[in-house]
file my_file.cif (mmCIF, C-alpha atoms and all ligand atoms)
data_data
#
loop_
_atom_site.label_atom_id
_atom_site.label_comp_id
_atom_site.auth_asym_id
_atom_site.auth_seq_id
_atom_site.Cartn_x
_atom_site.Cartn_y
_atom_site.Cartn_z
CA MET A 1 0.00 0.00 0.00
CA ARG A 2 1.38 3.42 -0.95
CA LEU A 3 1.87 6.23 1.56
CA SER A 4 1.33 9.84 0.56
CA VAL A 5 2.67 12.09 3.30
CA ASN A 6 0.60 15.17 4.03
CA ILE A 7 3.05 17.94 4.94
CA ASP A 8 0.56 20.72 5.84
CA HIS A 9 1.46 20.90 9.49
CA PHE A 10 5.13 21.55 8.88
CA ALA A 11 3.83 24.70 7.20
CA THR A 12 1.56 25.30 10.23
CA LEU A 13 4.68 25.23 12.41
CA ARG A 14 6.43 27.70 10.11
CA GLU A 15 3.42 30.02 10.14
CA ALA A 16 3.25 29.95 13.97
CA ARG A 17 6.33 32.22 13.80
CA ARG A 18 5.84 33.57 10.25
CA ALA A 19 9.35 32.15 9.82
CA ALA A 20 11.26 30.56 6.94
CA GLU A 21 11.52 27.12 8.54
CA PRO A 22 10.67 24.33 8.54
CA GLU A 23 10.69 24.48 4.73
CA PRO A 24 7.84 22.25 3.47
CA ALA A 25 9.68 21.44 0.24
CA LEU A 26 12.67 20.11 2.18
CA VAL A 27 10.29 18.05 4.33
CA ALA A 28 8.76 16.66 1.13
CA LEU A 29 12.16 15.60 -0.20
CA LEU A 30 13.10 13.94 3.10
CA ALA A 31 9.75 12.13 3.18
CA GLU A 32 10.44 10.81 -0.33
CA GLN A 33 13.91 9.68 0.69
CA ALA A 34 12.36 7.80 3.61
CA GLY A 35 10.10 5.88 1.23
CA ALA A 36 6.93 7.94 0.74
CA SER A 37 5.28 7.26 -2.61
CA GLY A 38 3.82 10.72 -2.79
CA ILE A 39 3.36 14.10 -1.15
CA THR A 40 0.02 15.65 -0.31
CA ALA A 41 -0.58 19.31 0.46
CA HIS A 42 -3.89 20.98 1.24
CA MET A 43 -3.91 24.60 0.18
CA ARG A 44 -6.85 26.08 2.07
CA SER A 45 -8.68 29.08 0.70
CA ASP A 46 -7.30 31.21 3.58
CA ARG A 47 -3.70 29.99 2.85
CA ARG A 48 -3.26 29.41 6.58
CA HIS A 49 -0.45 26.90 6.11
CA ILE A 50 0.47 25.82 2.56
CA LYS A 51 0.89 28.71 0.09
CA GLU A 52 1.36 28.95 -3.68
CA ARG A 53 5.16 29.25 -3.36
CA ASP A 54 5.25 25.98 -1.42
CA LEU A 55 3.31 24.19 -4.15
CA ARG A 56 5.54 25.64 -6.86
CA ILE A 57 8.77 24.55 -5.16
CA ILE A 58 7.41 21.12 -4.22
CA ARG A 59 6.11 20.60 -7.77
CA GLU A 60 9.56 21.40 -9.18
CA THR A 61 11.57 19.32 -6.75
CA ILE A 62 9.82 16.10 -5.81
CA LYS A 63 10.23 12.98 -7.90
CA THR A 64 7.12 11.14 -6.78
CA LYS A 65 3.50 12.22 -7.06
CA LEU A 66 1.98 15.50 -5.84
CA THR A 67 -1.60 15.49 -4.61
CA LEU A 68 -3.17 18.89 -4.10
CA GLU A 69 -6.14 18.85 -1.72
CA MET A 70 -8.43 21.79 -2.31
CA ALA A 71 -11.98 23.10 -2.21
CA ALA A 72 -13.86 23.04 -5.52
CA THR A 73 -13.72 26.82 -6.07
CA GLU A 74 -12.78 28.96 -9.09
CA ASP A 75 -9.79 30.40 -7.19
CA MET A 76 -8.42 26.93 -6.45
CA LYS A 77 -9.07 25.71 -9.98
CA LYS A 78 -6.78 28.45 -11.28
CA VAL A 79 -4.08 27.38 -8.83
CA ALA A 80 -4.42 23.72 -9.83
CA LEU A 81 -4.20 24.50 -13.54
CA GLU A 82 -1.06 26.57 -12.95
CA ILE A 83 0.70 24.13 -10.58
CA LYS A 84 -0.41 20.98 -12.41
CA PRO A 85 -0.26 18.48 -9.54
CA ASP A 86 -0.55 14.82 -10.54
CA THR A 87 -3.81 14.58 -8.62
CA VAL A 88 -6.31 17.05 -7.23
CA CYS A 89 -8.34 15.80 -4.27
CA LEU A 90 -11.54 17.79 -3.81
CA VAL A 91 -12.54 18.34 -0.20
CA PRO A 92 -15.24 20.39 1.52
CA GLU A 93 -13.90 23.39 3.42
CA ARG A 94 -15.44 25.34 6.28
CA PRO A 95 -13.47 28.47 7.22
CA GLU A 96 -13.67 27.97 11.01
CA GLU A 97 -12.70 24.26 11.06
CA LEU A 98 -9.36 23.06 12.43
CA THR A 99 -9.23 20.27 9.84
CA THR A 100 -11.47 18.74 7.18
CA THR A 101 -14.56 17.46 8.97
CA GLY A 102 -16.22 15.15 6.44
CA GLY A 103 -16.49 14.07 2.84
CA LEU A 104 -17.95 16.05 -0.06
CA ASP A 105 -21.69 15.84 -0.61
CA VAL A 106 -21.56 14.68 -4.22
CA ILE A 107 -25.26 13.76 -4.30
CA ALA A 108 -26.22 17.38 -3.61
CA GLN A 109 -23.95 18.82 -6.31
CA ARG A 110 -23.74 16.21 -9.08
CA LYS A 111 -23.96 18.62 -12.01
CA PRO A 112 -21.54 21.36 -10.90
CA MET A 113 -19.15 18.69 -9.60
CA ALA A 114 -19.19 16.79 -12.92
CA ALA A 115 -18.42 20.02 -14.82
CA TYR A 116 -15.65 20.99 -12.38
CA LEU A 117 -14.05 17.54 -12.69
CA LYS A 118 -13.97 17.72 -16.47
CA GLU A 119 -12.23 21.10 -16.52
CA ILE A 120 -9.39 19.78 -14.38
CA GLU A 121 -9.17 16.36 -16.03
CA LYS A 122 -8.82 17.89 -19.49
CA GLU A 123 -5.46 19.26 -18.29
CA LYS A 124 -4.37 15.65 -17.60
CA ILE A 125 -4.71 16.05 -13.83
CA ARG A 126 -6.42 13.13 -12.04
CA VAL A 127 -9.29 14.14 -9.80
CA SER A 128 -10.11 12.38 -6.56
CA ILE A 129 -13.12 13.07 -4.36
CA PHE A 130 -12.86 12.91 -0.58
CA VAL A 131 -16.00 11.05 0.39
CA ASP A 132 -17.58 9.62 3.54
CA PRO A 133 -17.84 5.81 3.72
CA ASN A 134 -21.39 6.07 2.43
CA LEU A 135 -22.44 3.85 -0.49
CA LYS A 136 -24.92 6.39 -1.88
CA GLN A 137 -22.23 9.06 -2.08
CA ILE A 138 -19.84 6.60 -3.75
CA GLU A 139 -22.55 5.59 -6.22
CA ALA A 140 -23.02 9.30 -7.06
CA CYS A 141 -19.25 9.59 -7.62
CA GLY A 142 -19.39 6.67 -10.07
CA ALA A 143 -22.40 8.18 -11.84
CA ILE A 144 -20.60 11.46 -12.60
CA GLY A 145 -17.50 9.66 -13.90
CA VAL A 146 -15.18 9.90 -10.88
CA ARG A 147 -12.36 7.33 -11.25
CA LEU A 148 -10.59 7.92 -7.93
CA ILE A 149 -11.92 8.45 -4.40
CA GLU A 150 -10.39 8.95 -0.98
CA ILE A 151 -12.56 7.42 1.73
CA HIS A 152 -12.78 9.50 4.88
CA THR A 153 -11.38 7.40 7.73
CA GLY A 154 -11.82 10.16 10.35
CA ILE A 155 -15.04 8.76 11.81
CA TYR A 156 -13.30 5.40 12.44
CA ALA A 157 -10.10 7.06 13.62
CA ASP A 158 -11.79 9.32 16.17
CA LEU A 159 -13.48 6.41 17.97
CA LYS A 160 -11.92 4.32 20.74
CA PRO A 161 -11.69 0.52 20.19
CA GLY A 162 -15.13 -1.03 20.73
CA LYS A 163 -18.40 -1.73 18.95
CA ALA A 164 -18.83 1.77 17.48
CA GLN A 165 -15.30 1.67 16.06
CA ASP A 166 -15.86 -1.84 14.64
CA LYS A 167 -18.97 -0.54 12.87
CA ALA A 168 -17.08 2.50 11.53
CA LEU A 169 -14.32 0.18 10.26
CA SER A 170 -16.85 -2.10 8.61
CA ASP A 171 -18.34 0.99 6.86
CA VAL A 172 -14.87 1.78 5.45
CA VAL A 173 -14.44 -1.86 4.32
CA LYS A 174 -17.86 -1.86 2.58
CA ALA A 175 -17.18 1.51 0.98
CA ALA A 176 -13.81 0.30 -0.37
CA GLU A 177 -15.36 -2.91 -1.74
CA PHE A 178 -18.21 -0.99 -3.35
CA GLY A 179 -15.95 1.64 -4.92
CA HIS A 180 -13.77 -1.14 -6.31
CA THR A 181 -16.75 -2.94 -7.87
CA LEU A 182 -17.65 0.32 -9.65
CA GLY A 183 -14.15 0.38 -11.16
CA ILE A 184 -13.07 3.34 -9.01
CA GLU A 185 -9.56 3.39 -7.52
CA VAL A 186 -9.93 3.66 -3.76
CA THR A 187 -7.58 5.48 -1.40
CA ALA A 188 -8.24 6.54 2.19
CA GLY A 189 -7.15 8.94 4.88
CA HIS A 190 -7.77 11.29 7.76
CA GLY A 191 -6.94 10.77 11.41
CA LEU A 192 -4.80 7.69 10.82
CA ASP A 193 -1.98 7.11 13.29
CA TYR A 194 0.51 4.46 14.41
CA HIS A 195 -2.22 2.56 16.31
CA ASN A 196 -5.33 2.71 14.15
CA VAL A 197 -3.71 2.27 10.73
CA ARG A 198 -3.32 -1.54 10.82
CA PRO A 199 -6.93 -2.58 10.12
CA ILE A 200 -7.04 -0.04 7.27
CA VAL A 201 -3.85 -1.48 5.76
CA ALA A 202 -5.60 -4.87 5.73
CA ILE A 203 -8.32 -3.65 3.31
CA PRO A 204 -7.15 -5.04 -0.05
CA GLN A 205 -9.05 -2.57 -2.27
CA ILE A 206 -7.28 0.48 -0.80
CA THR A 207 -4.22 1.42 -2.85
CA GLU A 208 -2.92 4.46 -0.94
CA LEU A 209 -3.20 6.21 2.42
CA SER A 210 -2.83 9.94 2.98
CA ILE A 211 -1.40 10.55 6.44
CA GLY A 212 -0.27 13.86 7.91
CA PHE A 213 -0.77 14.91 11.50
CA SER A 214 0.42 11.73 13.24
CA ILE A 215 3.63 11.68 11.19
CA VAL A 216 4.31 15.36 11.90
CA ALA A 217 3.65 14.83 15.63
CA ARG A 218 5.87 11.74 15.75
CA SER A 219 8.68 13.44 13.85
CA ALA A 220 8.82 16.12 16.56
CA LEU A 221 9.12 13.42 19.24
CA VAL A 222 11.67 11.20 17.52
CA GLY A 223 13.67 14.28 16.49
CA ILE A 224 13.77 16.13 19.85
CA SER A 225 16.78 14.29 21.32
CA GLN A 226 19.01 14.98 18.33
CA ALA A 227 17.85 18.59 18.09
CA VAL A 228 18.71 19.22 21.76
CA ARG A 229 22.05 17.39 21.51
CA GLU A 230 23.03 19.61 18.56
CA MET A 231 22.20 22.80 20.48
CA VAL A 232 24.01 21.58 23.62
CA GLU A 233 27.10 20.97 21.46
CA LEU A 234 26.90 24.55 20.15
CA LEU A 235 26.67 25.89 23.68
CA LYS A 236 29.85 24.15 24.85
N1 LIG B 1 -7.13 13.37 3.60
C1 LIG B 1 -7.77 14.55 3.55
C2 LIG B 1 -8.79 14.77 2.49
C3 LIG B 1 -7.47 15.59 4.46
O1 LIG B 1 -8.13 16.76 4.38
C4 LIG B 1 -6.47 15.36 5.41
C5 LIG B 1 -6.09 16.46 6.36
O2 LIG B 1 -5.59 17.55 5.63
C6 LIG B 1 -5.82 14.12 5.43
C7 LIG B 1 -6.19 13.13 4.53
C8 LIG B 1 -4.74 13.79 6.40
O3 LIG B 1 -5.30 13.72 7.68
P1 LIG B 1 -4.36 13.64 8.95
O4 LIG B 1 -3.55 14.91 9.00
O5 LIG B 1 -5.32 13.51 10.09
O6 LIG B 1 -3.48 12.43 8.78
#
call {"tool": "encode", "arguments": {"input": "my_file.cif", "output": "structure tokens"}}
result
Amino acid sequence: MRLSVNIDHFATLREARRAAEPEPALVALLAEQAGASGITAHMRSDRRHIKERDLRIIRETIKTKLTLEMAATEDMKKVALEIKPDTVCLVPERPEELTTTGGLDVIAQRKPMAAYLKEIEKEKIRVSIFVDPNLKQIEACGAIGVRLIEIHTGIYADLKPGKAQDKALSDVVKAAEFGHTLGIEVTAGHGLDYHNVRPIVAIPQITELSIGFSIVARSALVGISQAVREMVELLK
């Protein structure tokens, strides 16, 4: 199963100080060197973390695949057509949210969504739709010609082990199986960490996972000892 590393929160860290580091493009290159099959960046409409310059540098430097997560707006379409990521993943966006809170409602916006898809796909950019593990939504994706979906794993990931989590996992399994039977490539992501990822990895229809926050958080922990040792050396 492929891993696409979402680097947004390295940019969040940079923006906490409006500083020049950590440089998201350098993070992307290191993630590739460590074995990532792709890099994902979500440029939000308010540009709160990833910005156009990040996308431009990452696009020019990485050797794997760039997935641009974005809202289906005119502004973002212009950015996508200029940057030309390998894949665009369309997500819903609410300005006040801390992170994406659910999949796109494709049923409610079949026609505009189908037109939006076509405009991006004609530039040879693959389009993925971030969708809840809901068979009706996935059916609507198939009906408007979507060939790639990312199943929202956040509902499963936010639950503690137990019956409710088992049910949420079984919804993801059914969604992946259903998407696959419609001939749609199925990926998944959101909220996955070093504990809850295993059962998702076991779903054979899922080809790729998009994981961000837990990797960023863990990199701070596994990197702290070396970072302190280097500063202590400088202070000697
Ligand atoms: N997939 C989508 C569509 C997302 O919006 C996000 C968060 O930006 C992720 C995956 C990654 O989620 P997390 O940071 O919780 O791993």
call {"tool": "residues_around", "arguments": {"input": "my_file.cif", "residues": "Glu23 (chain A)", "least_positions_apart": "3", "cutoff": "8 Å", "atoms": "all atoms listed in the file", "output": "VMD selection string"}}
result
chain A and resid 10 to 11 14 20 26 to 27
call {"tool": "closest_residue", "arguments": {"input": "my_file.cif", "among": "A:Ala16, A:Ala25, A:Val106, A:Leu192", "to": "ligand LIG 1 (chain B)", "atoms": "all atoms listed in the file"}}
result
A:Leu192
call {"tool": "residues_around", "arguments": {"input": "my_file.cif", "residues": "Glu123 (chain A)", "least_positions_apart": "3", "cutoff": "12 Å", "atoms": "only C-alpha atoms", "output": "PDB file with C-alpha atoms, keeping the file's coordinate frame"}}
result
ATOM      1  CA  LYS A  77      -9.070  25.710  -9.980  1.00  0.00           C
ATOM      2  CA  LYS A  78      -6.780  28.450 -11.280  1.00  0.00           C
ATOM      3  CA  ALA A  80      -4.420  23.720  -9.830  1.00  0.00           C
ATOM      4  CA  LEU A  81      -4.200  24.500 -13.540  1.00  0.00           C
ATOM      5  CA  GLU A  82      -1.060  26.570 -12.950  1.00  0.00           C
ATOM      6  CA  ILE A  83       0.700  24.130 -10.580  1.00  0.00           C
ATOM      7  CA  LYS A  84      -0.410  20.980 -12.410  1.00  0.00           C
ATOM      8  CA  PRO A  85      -0.260  18.480  -9.540  1.00  0.00           C
ATOM      9  CA  ASP A  86      -0.550  14.820 -10.540  1.00  0.00           C
ATOM     10  CA  THR A  87      -3.810  14.580  -8.620  1.00  0.00           C
ATOM     11  CA  VAL A  88      -6.310  17.050  -7.230  1.00  0.00           C
ATOM     12  CA  TYR A 116     -15.650  20.990 -12.380  1.00  0.00           C
ATOM     13  CA  LEU A 117     -14.050  17.540 -12.690  1.00  0.00           C
ATOM     14  CA  LYS A 118     -13.970  17.720 -16.470  1.00  0.00           C
ATOM     15  CA  GLU A 119     -12.230  21.100 -16.520  1.00  0.00           C
ATOM     16  CA  ILE A 120      -9.390  19.780 -14.380  1.00  0.00           C
ATOM     17  CA  ARG A 126      -6.420  13.130 -12.040  1.00  0.00           C
ATOM     18  CA  VAL A 127      -9.290  14.140  -9.800  1.00  0.00           C
TER      19      VAL A 127
END
call {"tool": "residues_near_ligand", "arguments": {"input": "my_file.cif", "ligand": "ligand LIG 1 (chain B)", "cutoff": "8 Å", "atoms": "all atoms listed in the file", "output": "ChimeraX atom specification"}}
result
/A:6,8-9,41-42,69,89-91,99-101,103,130,150,152,154,188-193,209-215
call {"tool": "residues_around", "arguments": {"input": "my_file.cif", "residues": "Arg147 (chain A)", "least_positions_apart": "3", "cutoff": "10 Å", "atoms": "all atoms listed in the file", "output": "MDAnalysis selection string"}}
result
chainID A and resid 126:129 141:142 144 179:180 182:186
call {"tool": "closest_residue", "arguments": {"input": "my_file.cif", "among": "A:Leu3, A:Val146, A:Ala140, A:Val131", "to": "Ala176 (chain A)", "atoms": "all atoms listed in the file"}}
result
A:Val131
call {"tool": "closest_residue", "arguments": {"input": "my_file.cif", "among": "A:Ser219, A:Ala34, A:His49, A:Ile224", "to": "Thr12 (chain A)", "atoms": "only C-alpha atoms"}}
result
A:His49
call {"tool": "atom_distance", "arguments": {"input": "my_file.cif", "atom1": "CA of Arg17 (chain A)", "atom2": "CA of Ile58 (chain A)"}}
result
21.2 Å
call {"tool": "closest_residue", "arguments": {"input": "my_file.cif", "among": "A:Lys136, A:Met113, A:Lys63, A:Arg18", "to": "Gln33 (chain A)", "atoms": "only C-alpha atoms"}}
result
A:Lys63
call {"tool": "residues_near_point", "arguments": {"input": "my_file.cif", "point": "(-3.8, 27.5, -4.3)", "cutoff": "8 Å", "atoms": "all atoms listed in the file", "output": "PDB file with C-alpha atoms, in the coordinates of the input"}}
result
ATOM      1  CA  MET A  43      -3.910  24.600   0.180  1.00  0.00           C
ATOM      2  CA  ARG A  44      -6.850  26.080   2.070  1.00  0.00           C
ATOM      3  CA  SER A  45      -8.680  29.080   0.700  1.00  0.00           C
ATOM      4  CA  ARG A  47      -3.700  29.990   2.850  1.00  0.00           C
ATOM      5  CA  LYS A  51       0.890  28.710   0.090  1.00  0.00           C
ATOM      6  CA  GLU A  52       1.360  28.950  -3.680  1.00  0.00           C
ATOM      7  CA  LEU A  55       3.310  24.190  -4.150  1.00  0.00           C
ATOM      8  CA  MET A  70      -8.430  21.790  -2.310  1.00  0.00           C
ATOM      9  CA  ASP A  75      -9.790  30.400  -7.190  1.00  0.00           C
ATOM     10  CA  MET A  76      -8.420  26.930  -6.450  1.00  0.00           C
ATOM     11  CA  LYS A  77      -9.070  25.710  -9.980  1.00  0.00           C
ATOM     12  CA  LYS A  78      -6.780  28.450 -11.280  1.00  0.00           C
ATOM     13  CA  VAL A  79      -4.080  27.380  -8.830  1.00  0.00           C
ATOM     14  CA  ALA A  80      -4.420  23.720  -9.830  1.00  0.00           C
TER      15      ALA A  80
END
call {"tool": "atom_distance", "arguments": {"input": "my_file.cif", "atom1": "CA of Asp105 (chain A)", "atom2": "CA of Ala71 (chain A)"}}
result
12.2 Å
call {"tool": "atom_distance", "arguments": {"input": "my_file.cif", "atom1": "CA of Lys167 (chain A)", "atom2": "CA of Glu208 (chain A)"}}
result
21.8 Å
call {"tool": "closest_residue", "arguments": {"input": "my_file.cif", "among": "A:Leu235, A:Ala28, A:Val172, A:Ile149", "to": "Leu66 (chain A)", "atoms": "all atoms listed in the file"}}
result
A:Ala28
call {"tool": "closest_residue", "arguments": {"input": "my_file.cif", "among": "A:Arg59, A:Lys174, A:Lys160, A:Lys236", "to": "Asn196 (chain A)", "atoms": "all atoms listed in the file"}}
result
A:Lys160
